[in-house]
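Everything below belongs to input-v2.tsv, which stores TSV, C-alpha atoms.
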chain	number	residue	atom	x	y	z
A	30	MET	CA	0.00	0.00	0.00
A	31	ASN	CA	0.89	3.64	-0.24
A	32	GLU	CA	2.19	3.81	3.32
A	33	VAL	CA	4.92	1.29	2.71
A	34	ARG	CA	6.46	3.18	-0.16
A	35	ARG	CA	5.85	6.70	1.09
A	36	PRO	CA	6.34	7.03	4.84
A	37	HIS	CA	5.13	10.15	6.62
A	38	HIS	CA	6.34	12.83	6.43
A	39	VAL	CA	7.35	12.88	2.82
A	40	SER	CA	8.24	15.23	0.00
A	41	SER	CA	8.49	13.91	-3.52
A	42	ARG	CA	8.11	14.59	-7.19
A	43	GLU	CA	5.45	12.41	-8.77
A	44	ILE	CA	5.79	11.00	-12.27
A	45	GLU	CA	2.53	9.42	-13.26
A	46	ARG	CA	-0.01	8.71	-15.97
A	47	LYS	CA	-3.79	8.37	-15.65
A	48	PHE	CA	-6.22	6.36	-17.75
A	49	LEU	CA	-9.92	5.66	-17.82
A	50	ILE	CA	-10.74	1.98	-17.28
A	51	ARG	CA	-12.40	0.02	-20.08
A	52	HIS	CA	-13.15	-3.02	-17.97
A	53	LEU	CA	-12.01	-4.33	-14.60
A	54	PRO	CA	-9.19	-6.89	-14.50
A	55	VAL	CA	-10.01	-10.14	-12.71
A	56	LYS	CA	-7.24	-9.65	-10.18
A	57	ILE	CA	-8.97	-6.63	-8.69
A	58	LEU	CA	-11.07	-9.22	-6.81
A	59	ARG	CA	-8.06	-10.15	-4.69
A	60	ALA	CA	-6.48	-6.69	-4.51
A	61	ARG	CA	-5.97	-4.74	-1.31
A	62	LEU	CA	-8.41	-1.88	-0.97
A	63	ALA	CA	-8.85	1.27	1.06
A	64	ARG	CA	-11.70	3.75	1.42
A	65	LEU	CA	-10.57	7.30	0.73
A	66	ALA	CA	-12.30	10.52	1.67
A	67	GLN	CA	-10.58	13.69	0.53
A	68	GLY	CA	-11.42	17.37	0.66
A	69	TYR	CA	-9.68	20.55	-0.41
A	70	LEU	CA	-8.83	23.46	1.90
A	71	ALA	CA	-7.71	25.81	-0.87
A	72	ASN	CA	-7.03	25.56	-4.61
A	73	GLU	CA	-5.06	27.96	-6.75
A	74	ARG	CA	-4.69	28.03	-10.49
A	75	GLY	CA	-1.72	25.99	-11.68
A	76	GLY	CA	-2.68	22.98	-9.61
A	77	ARG	CA	-1.41	24.43	-6.34
A	78	HIS	CA	-3.59	23.16	-3.51
A	79	VAL	CA	-3.86	21.82	0.02
A	80	ARG	CA	-5.71	18.54	0.43
A	81	LEU	CA	-7.00	16.65	3.46
A	82	ARG	CA	-7.34	12.90	3.17
A	83	LYS	CA	-8.57	10.05	5.33
A	84	LYS	CA	-7.46	6.64	4.11
A	85	GLY	CA	-8.86	3.96	6.37
A	86	LYS	CA	-7.98	5.38	9.78
A	87	THR	CA	-4.96	7.38	8.61
A	88	ALA	CA	-5.39	11.13	8.11
A	89	SER	CA	-3.01	13.33	6.18
A	90	LEU	CA	-2.55	16.83	4.80
A	91	THR	CA	-0.89	17.18	1.42
A	92	PHE	CA	0.44	20.20	-0.43
A	93	LYS	CA	0.77	19.85	-4.19
A	94	VAL	CA	1.96	22.20	-6.90
A	95	GLY	CA	2.34	21.73	-10.65
A	96	ARG	CA	0.22	19.89	-13.16
A	97	SER	CA	0.14	16.86	-15.31
A	98	SER	CA	2.76	14.15	-15.31
A	99	SER	CA	5.28	15.62	-12.88
A	100	ARG	CA	4.49	17.57	-9.72
A	101	GLU	CA	5.90	18.42	-6.32
A	102	GLU	CA	4.20	16.97	-3.27
A	103	ARG	CA	4.66	17.46	0.48
A	104	GLU	CA	2.67	15.38	2.92
A	105	ILE	CA	2.29	15.15	6.68
A	106	LYS	CA	0.34	12.73	8.78
A	107	LEU	CA	-2.36	14.34	10.93
A	108	SER	CA	-3.55	13.26	14.36
A	109	PRO	CA	-7.29	12.52	14.65
A	110	ALA	CA	-7.74	15.84	16.53
A	111	GLN	CA	-5.90	17.83	13.86
A	112	PHE	CA	-7.97	16.21	11.12
A	113	ALA	CA	-11.26	16.76	12.96
A	114	MET	CA	-10.50	20.47	13.36
A	115	LEU	CA	-9.71	21.09	9.66
A	116	TRP	CA	-12.12	18.73	7.87
A	117	PRO	CA	-15.26	20.94	8.23
A	118	ALA	CA	-13.46	23.60	6.16
A	119	THR	CA	-13.62	21.29	3.11
A	120	ARG	CA	-17.44	21.25	2.99
A	121	GLY	CA	-18.61	21.35	-0.63
A	122	ARG	CA	-15.14	20.31	-1.85
A	123	ARG	CA	-15.01	16.61	-1.10
A	124	LEU	CA	-14.93	13.29	-2.90
A	125	HIS	CA	-15.10	9.66	-1.91
A	126	LYS	CA	-13.55	6.70	-3.65
A	127	THR	CA	-12.31	3.15	-3.08
A	128	ARG	CA	-8.73	2.48	-4.11
A	129	TYR	CA	-7.51	-0.95	-5.21
A	130	VAL	CA	-3.79	-1.56	-5.66
A	131	ILE	CA	-2.60	-4.10	-8.23
A	132	PRO	CA	1.05	-5.05	-8.84
A	133	TRP	CA	1.85	-4.91	-12.54
A	134	LYS	CA	5.25	-5.99	-13.82
A	135	LYS	CA	7.68	-3.89	-11.79
A	136	LEU	CA	5.09	-1.16	-11.25
A	137	LYS	CA	1.83	-0.92	-9.42
A	138	ILE	CA	-1.50	0.29	-10.67
A	139	GLU	CA	-3.93	2.16	-8.44
A	140	ILE	CA	-7.56	1.75	-9.47
A	141	ASP	CA	-9.91	4.40	-8.09
A	142	ILE	CA	-13.65	3.65	-8.09
A	143	TYR	CA	-15.49	6.90	-7.39
A	144	HIS	CA	-18.64	7.20	-5.31
A	145	GLY	CA	-21.39	9.77	-4.78
A	146	ARG	CA	-21.86	12.28	-7.56
A	147	ASN	CA	-18.89	10.77	-9.46
A	148	HIS	CA	-20.45	7.30	-9.38
A	149	GLY	CA	-19.50	5.34	-12.49
A	150	LEU	CA	-16.08	6.91	-12.90
A	151	MET	CA	-13.15	4.45	-12.72
A	152	VAL	CA	-9.58	5.69	-13.11
A	153	ALA	CA	-6.23	3.87	-13.19
A	154	GLU	CA	-3.08	5.66	-12.08
A	155	VAL	CA	0.43	4.40	-12.66
A	156	GLU	CA	3.43	5.92	-10.91
A	157	PHE	CA	6.89	5.64	-12.42
A	158	PRO	CA	10.38	5.73	-10.92
A	159	ASN	CA	11.67	7.94	-13.78
A	160	GLN	CA	10.75	9.59	-17.09
A	161	SER	CA	12.19	6.81	-19.20
A	162	SER	CA	10.03	4.16	-17.55
A	163	ARG	CA	7.09	6.53	-18.00
A	164	ARG	CA	7.62	6.82	-21.75
A	165	LYS	CA	8.12	3.09	-22.31
A	166	PHE	CA	4.95	2.09	-20.46
A	167	LYS	CA	2.56	-0.04	-22.55
A	168	PRO	CA	-0.96	0.17	-21.06
A	169	PRO	CA	-2.67	-3.18	-20.40
A	170	ARG	CA	-5.64	-3.98	-22.62
A	171	TRP	CA	-8.21	-3.25	-19.94
A	172	PHE	CA	-7.10	0.44	-19.88
A	173	GLY	CA	-9.18	2.97	-21.78
A	174	ARG	CA	-8.31	6.47	-22.97
A	175	GLU	CA	-5.35	8.26	-21.36
A	176	ILE	CA	-6.45	11.29	-19.31
A	177	THR	CA	-3.10	12.44	-17.85
A	178	GLY	CA	-3.30	16.19	-17.22
A	179	GLU	CA	-6.96	16.55	-18.24
A	180	LYS	CA	-8.34	19.12	-15.85
A	181	ARG	CA	-11.86	17.77	-15.76
A	182	TYR	CA	-10.55	14.52	-14.29
A	183	SER	CA	-8.42	16.21	-11.64
A	184	ASN	CA	-9.53	15.35	-8.13
A	185	VAL	CA	-9.81	19.04	-7.28
A	186	ARG	CA	-12.40	19.36	-10.08
A	187	LEU	CA	-14.19	16.10	-9.24
A	188	ALA	CA	-14.55	17.30	-5.63
A	189	ARG	CA	-16.67	20.32	-6.62
A	190	GLU	CA	-20.23	19.89	-5.46
B	27	MET	CA	-0.63	36.28	24.66
B	28	ASN	CA	-2.56	34.62	21.89
B	29	GLU	CA	-2.14	31.10	23.24
B	30	VAL	CA	-3.91	31.90	26.46
B	31	ARG	CA	-7.07	33.09	24.84
B	32	ARG	CA	-7.09	30.73	21.87
B	33	PRO	CA	-5.96	27.22	22.79
B	34	HIS	CA	-5.04	24.75	20.02
B	35	HIS	CA	-6.95	23.39	18.23
B	36	VAL	CA	-9.43	26.14	17.68
B	37	SER	CA	-12.14	27.29	15.34
B	38	SER	CA	-13.50	30.77	15.65
B	39	ARG	CA	-15.02	33.76	13.94
B	40	GLU	CA	-12.82	36.84	14.18
B	41	ILE	CA	-14.22	40.34	14.59
B	42	GLU	CA	-11.43	42.85	14.19
B	43	ARG	CA	-10.28	46.23	12.93
B	44	LYS	CA	-6.87	47.22	11.59
B	45	PHE	CA	-5.14	50.58	11.63
B	46	LEU	CA	-1.85	52.07	10.54
B	47	ILE	CA	0.21	53.40	13.45
B	48	ARG	CA	0.97	57.12	13.62
B	49	HIS	CA	3.48	56.81	16.43
B	50	LEU	CA	4.41	54.16	18.94
B	51	PRO	CA	2.86	54.34	22.43
B	52	VAL	CA	5.33	54.42	25.32
B	53	LYS	CA	3.97	51.24	26.81
B	54	ILE	CA	5.19	49.18	23.86
B	55	LEU	CA	8.57	49.30	25.63
B	56	ARG	CA	7.27	46.99	28.34
B	57	ALA	CA	4.98	44.92	26.14
B	58	ARG	CA	5.36	41.19	25.57
B	59	LEU	CA	6.70	40.43	22.14
B	60	ALA	CA	7.02	37.47	19.81
B	61	ARG	CA	8.82	36.97	16.52
B	62	LEU	CA	6.49	35.71	13.83
B	63	ALA	CA	7.36	34.04	10.55
B	64	GLN	CA	4.44	33.17	8.33
B	65	GLY	CA	4.08	31.75	4.86
B	66	TYR	CA	1.16	30.77	2.64
B	67	LEU	CA	0.60	27.31	1.17
B	68	ALA	CA	-2.29	28.34	-1.06
B	69	ASN	CA	-4.48	31.43	-1.53
B	70	GLU	CA	-7.81	31.64	-3.28
B	71	ARG	CA	-9.81	34.69	-4.19
B	72	GLY	CA	-12.23	35.68	-1.45
B	73	GLY	CA	-9.59	35.50	1.26
B	74	ARG	CA	-9.63	31.72	1.48
B	75	HIS	CA	-6.14	30.50	2.34
B	76	VAL	CA	-3.92	28.12	4.29
B	77	ARG	CA	-1.17	29.73	6.38
B	78	LEU	CA	1.83	28.31	8.20
B	79	ARG	CA	3.12	30.27	11.17
B	80	LYS	CA	5.99	30.01	13.60
B	81	LYS	CA	5.56	32.17	16.69
B	82	GLY	CA	8.54	31.80	18.96
B	83	LYS	CA	8.91	28.01	19.06
B	84	THR	CA	5.23	27.26	18.40
B	85	ALA	CA	4.24	26.21	14.88
B	86	SER	CA	0.70	26.20	13.56
B	87	LEU	CA	-1.37	25.75	10.42
B	88	THR	CA	-4.39	28.01	9.96
B	89	PHE	CA	-7.25	27.88	7.49
B	90	LYS	CA	-9.12	31.17	6.93
B	91	VAL	CA	-12.03	32.11	4.76
B	92	GLY	CA	-13.87	35.40	4.31
B	93	ARG	CA	-12.65	38.96	4.27
B	94	SER	CA	-12.63	42.11	6.26
B	95	SER	CA	-13.97	42.48	9.74
B	96	SER	CA	-15.48	39.04	10.26
B	97	ARG	CA	-14.02	35.74	9.08
B	98	GLU	CA	-13.95	32.04	9.89
B	99	GLU	CA	-10.71	30.56	11.17
B	100	ARG	CA	-9.56	27.02	11.96
B	101	GLU	CA	-6.18	26.41	13.50
B	102	ILE	CA	-4.10	23.40	14.52
B	103	LYS	CA	-0.77	23.23	16.26
B	104	LEU	CA	1.97	21.51	14.25
B	105	SER	CA	4.85	19.40	15.56
B	106	PRO	CA	8.35	20.61	14.58
B	107	ALA	CA	8.58	17.73	12.06
B	108	GLN	CA	5.22	18.60	10.47
B	109	PHE	CA	6.22	22.26	10.18
B	110	ALA	CA	9.65	21.44	8.73
B	111	MET	CA	8.06	19.30	6.02
B	112	LEU	CA	5.56	21.94	4.86
B	113	TRP	CA	7.49	25.21	5.30
B	114	PRO	CA	9.64	24.90	2.12
B	115	ALA	CA	6.39	24.99	0.10
B	116	THR	CA	5.85	28.64	1.17
B	117	ARG	CA	9.01	29.91	-0.53
B	118	GLY	CA	8.36	33.31	-2.13
B	119	ARG	CA	5.20	33.75	-0.01
B	120	ARG	CA	6.53	34.64	3.40
B	121	LEU	CA	6.68	37.56	5.78
B	122	HIS	CA	8.39	38.30	9.06
B	123	LYS	CA	7.20	40.60	11.81
B	124	THR	CA	7.51	41.24	15.53
B	125	ARG	CA	4.24	41.33	17.45
B	126	TYR	CA	3.77	43.37	20.62
B	127	VAL	CA	0.63	42.91	22.69
B	128	ILE	CA	-0.75	45.82	24.71
B	129	PRO	CA	-3.79	45.66	26.98
B	130	TRP	CA	-6.14	48.52	26.22
B	131	LYS	CA	-9.26	49.07	28.32
B	132	LYS	CA	-11.05	45.71	28.19
B	133	LEU	CA	-9.46	44.86	24.86
B	134	LYS	CA	-5.97	44.15	23.68
B	135	ILE	CA	-4.09	45.71	20.82
B	136	GLU	CA	-1.63	43.75	18.72
B	137	ILE	CA	1.10	45.86	17.16
B	138	ASP	CA	2.88	44.26	14.21
B	139	ILE	CA	6.24	45.69	13.16
B	140	TYR	CA	7.11	44.27	9.76
B	141	HIS	CA	10.61	43.30	8.63
B	142	GLY	CA	12.37	42.57	5.36
B	143	ARG	CA	10.73	44.02	2.27
B	144	ASN	CA	7.87	45.38	4.37
B	145	HIS	CA	10.28	47.26	6.65
B	146	GLY	CA	8.69	50.49	7.91
B	147	LEU	CA	5.14	49.15	8.01
B	148	MET	CA	3.51	49.18	11.46
B	149	VAL	CA	-0.04	47.92	11.93
B	150	ALA	CA	-2.34	47.77	14.96
B	151	GLU	CA	-5.03	45.11	15.14
B	152	VAL	CA	-7.87	45.10	17.65
B	153	GLU	CA	-10.06	42.07	18.18
B	154	PHE	CA	-13.58	42.45	19.57
B	155	PRO	CA	-15.89	40.09	21.46
B	156	ASN	CA	-18.91	41.21	19.41
B	157	GLN	CA	-20.12	43.61	16.71
B	158	SER	CA	-21.41	46.18	19.17
B	159	SER	CA	-18.05	46.53	20.90
B	160	ARG	CA	-16.50	46.77	17.42
B	161	ARG	CA	-18.71	49.69	16.43
B	162	LYS	CA	-18.23	51.60	19.68
B	163	PHE	CA	-14.43	51.40	19.60
B	164	LYS	CA	-12.69	54.80	19.76
B	165	PRO	CA	-9.14	54.50	18.40
B	166	PRO	CA	-6.37	55.86	20.67
B	167	ARG	CA	-4.61	59.00	19.41
B	168	TRP	CA	-1.50	57.13	18.31
B	169	PHE	CA	-3.54	55.19	15.72
B	170	GLY	CA	-3.41	56.37	12.09
B	171	ARG	CA	-5.75	55.63	9.21
B	172	GLU	CA	-8.07	52.61	9.44
B	173	ILE	CA	-7.15	49.91	6.92
B	174	THR	CA	-9.68	47.19	7.83
B	175	GLY	CA	-10.36	45.10	4.73
B	176	GLU	CA	-7.85	46.92	2.49
B	177	LYS	CA	-6.43	44.17	0.34
B	178	ARG	CA	-3.01	45.71	-0.09
B	179	TYR	CA	-2.46	45.46	3.65
B	180	SER	CA	-3.58	41.84	3.88
B	181	ASN	CA	-0.81	39.55	5.06
B	182	VAL	CA	-1.32	37.33	2.04
B	183	ARG	CA	-0.50	40.35	-0.15
B	184	LEU	CA	2.37	41.55	2.01
B	185	ALA	CA	3.93	38.08	1.80
B	186	ARG	CA	4.34	38.25	-1.98
B	187	GLU	CA	7.98	38.51	-2.92
Let me see whether you can do it: turn the structure in this file into C-alpha cells.
Amino acid sequence: MNEVRRPHHVSSREIERKFLIRHLPVKILRARLARLAQGYLANERGGRHVRLRKKGKTASLTFKVGRSSSREEREIKLSPAQFAMLWPATRGRRLHKTRYVIPWKKLKIEIDIYHGRNHGLMVAEVEFPNQSSRRKFKPPRWFGREITGEKRYSNVRLARE
Amino acid sequence: MNEVRRPHHVSSREIERKFLIRHLPVKILRARLARLAQGYLANERGGRHVRLRKKGKTASLTFKVGRSSSREEREIKLSPAQFAMLWPATRGRRLHKTRYVIPWKKLKIEIDIYHGRNHGLMVAEVEFPNQSSRRKFKPPRWFGREITGEKRYSNVRLARE
C-alpha cells in the first residue's frame, strides 16, 4: 500500500499517468483496498492546492503544486484531533472513492472507483520511478483512454459539489 | 498572549479592525513580544487561504475564509517535524514581523512591526468580542488611518515577494 512506499512525512516529485478503465481486471477481486475521503482546503490556479485525506484510519494533509505528469508533493500525517479540526473547512469540496492496488510488472497500478456524484467513474493511475520508464509504459488492454493532465478529471475538479 | 485566549486546536469567527500606526505608544517598551514568521501554502480569491506560522517556538497551520472584519478561522498546532516538512512549500510567499501585545481598556491591541521588504510598516489590530463593541471602539490617538479590509495590507498580499 501507499504507506509502505511513502512514509510520513514525505516530499516527492510524482511522475505518473492516468487512464480511464475500459473493464475491470479479474485480479482486482483479490487486490488490497482502502476507502478514501478527501477534501480541499484551498485551490489555486496551476494545480497548487492543500488537500486533506482520510485513508482507512490514517489522516493526512498534502500540499501539491504543478500539473500533469510531474508535480511536487509534500505530505504530513495528521492526528485525529488535527484532522477533525480542519475537515469541516472542506465542505462542498469533497470526494469519496475506493482504491484498489494491483502489482503490474515492476510497477503498481492504483484503481480508483469513485462514489457519490462521481459514481461510475473508474480511473487507473500508474506511478513511475523515472521519465524513461514513464515513456516506455505499454498500457494493459483493460485500460481505456489516457487522461493524464486533463483538468476535468483532476480530483480538485471532481470534488466540486 | 494569543495562546492563552485561543488554545489549540481552535475554530472561531474573528471580529477585528486594523489601523496604521501614527506613532508608537510608550507602553510598547514593556509589552510582551514574539517573533512571527508566516508563509502561505495556497491562496484563493475571497480571502480563502492556508497559512503556516511560527511564533517563537510554536508552529501552527491556519485555514481562513472570508474577508474584512469578520471571518472564519480554523487552526491546529503543528509538531516541529510537520512544520519542517511543509514550510519549504511557502518559498516566495513569506513575511516576518515582531508582534507586541498591549492591553487597552477591556481589549488588547496587537502591534505588528514588519521586517524585510515590508520594513517600515507598522499595523495595529484590535479584536472584539462582538459587533457592538467593534462599532463603539474609539481609536487611541496614536492610531493612524483605518485599513480594515484593504487588500493591499492583507498579510497574504504583504507576503508576496
With a cut-off of 9 Å, could you pull out the residues of chain A touching chain B and give me the nearest pair of atoms for each, distance in Å to one decimal, using all atoms listed in the file, ordered by chain and ascending number, as a Markdown table?
| residue | atom | partner | partner_atom | distance |
| --- | --- | --- | --- | --- |
| A:His38 | CA | B:Met111 | CA | 6.7 |
| A:Val39 | CA | B:Met111 | CA | 7.2 |
| A:Ser40 | CA | B:Met111 | CA | 7.3 |
| A:Leu70 | CA | B:Val76 | CA | 7.2 |
| A:Ala71 | CA | B:His75 | CA | 5.9 |
| A:Asn72 | CA | B:Glu70 | CA | 6.3 |
| A:Glu73 | CA | B:Glu70 | CA | 5.8 |
| A:Arg74 | CA | B:Glu70 | CA | 8.6 |
| A:Arg77 | CA | B:Ala68 | CA | 6.6 |
| A:His78 | CA | B:Ala68 | CA | 5.9 |
| A:Val79 | CA | B:Ala68 | CA | 6.8 |
| A:Thr91 | CA | B:Leu112 | CA | 8.7 |
| A:Phe92 | CA | B:Leu67 | CA | 7.3 |
| A:Lys93 | CA | B:Ala115 | CA | 8.7 |
| A:Val94 | CA | B:Ala115 | CA | 8.7 |
| A:Glu102 | CA | B:Ala115 | CA | 9.0 |
| A:Arg103 | CA | B:Leu112 | CA | 6.3 |
| A:Glu104 | CA | B:Met111 | CA | 7.4 |
| A:Ile105 | CA | B:Gln108 | CA | 5.9 |
| A:Lys106 | CA | B:Gln108 | CA | 7.8 |
| A:Leu107 | CA | B:Gln108 | CA | 8.7 |
| A:Ala110 | CA | B:His35 | CA | 7.8 |
| A:Gln111 | CA | B:Ile102 | CA | 5.9 |
| A:Phe112 | CA | B:Ile102 | CA | 8.8 |
| A:Met114 | CA | B:His35 | CA | 6.7 |
| A:Leu115 | CA | B:Arg100 | CA | 6.4 |
| A:Ala118 | CA | B:Phe89 | CA | 7.7 |
Okay, now the selection with C-alpha atoms, as a CSV table (one decimal), in the coordinates of the input?
chain,number,residue,atom,x,y,z
A,38,HIS,CA,6.3,12.8,6.4
A,39,VAL,CA,7.4,12.9,2.8
A,40,SER,CA,8.2,15.2,0.0
A,70,LEU,CA,-8.8,23.5,1.9
A,71,ALA,CA,-7.7,25.8,-0.9
A,72,ASN,CA,-7.0,25.6,-4.6
A,73,GLU,CA,-5.1,28.0,-6.8
A,74,ARG,CA,-4.7,28.0,-10.5
A,77,ARG,CA,-1.4,24.4,-6.3
A,78,HIS,CA,-3.6,23.2,-3.5
A,79,VAL,CA,-3.9,21.8,0.0
A,91,THR,CA,-0.9,17.2,1.4
A,92,PHE,CA,0.4,20.2,-0.4
A,93,LYS,CA,0.8,19.8,-4.2
A,94,VAL,CA,2.0,22.2,-6.9
A,102,GLU,CA,4.2,17.0,-3.3
A,103,ARG,CA,4.7,17.5,0.5
A,104,GLU,CA,2.7,15.4,2.9
A,105,ILE,CA,2.3,15.2,6.7
A,106,LYS,CA,0.3,12.7,8.8
A,107,LEU,CA,-2.4,14.3,10.9
A,110,ALA,CA,-7.7,15.8,16.5
A,111,GLN,CA,-5.9,17.8,13.9
A,112,PHE,CA,-8.0,16.2,11.1
A,114,MET,CA,-10.5,20.5,13.4
A,115,LEU,CA,-9.7,21.1,9.7
A,118,ALA,CA,-13.5,23.6,6.2
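The coordinates place atom CA of Tyr126 of chain B at 14.9 Å from atom CA of Trp168 of chain B.
Once segment 128-130 of chain B and its same-chain neighbours fewer than 6 positions away are set aside, Lys53, Ile54, Arg56, Ala57, Arg58, Glu136 and Ile137 of chain B remain within 9 Å of it when counting only C-alpha atoms.
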One number please: atom CA of Lys135 of chain A to atom CA of Ser161 of chain A, in Å, one decimal.
13.8 Å
Give me the residues within 10 Å of segment 183-186 of chain A as a ChimeraX atom specification, counting only C-alpha atoms and dropping any in the same chain fewer than 5 places off.
/A:47,67-69,71-72,76,78-80,96-97,122-124,176-178
Excluding Phe172 of chain A and any residue of its chain fewer than 3 positions from it, enumerate the residues within 9 Å of it, using only C-alpha atoms, and give them as a count of residues only.
11
Is it possible to get the residues within 12 Å of (10.3, 31.4, 17.5) (coordinates as in the file, counting only C-alpha atoms) written as a ChimeraX atom specification?
/B:59-64,79-86,106,122-125
What is the distance between atom CA of Leu187 of chain A and atom CA of Ser38 of chain B, in Å to one decimal?
28.9 Å
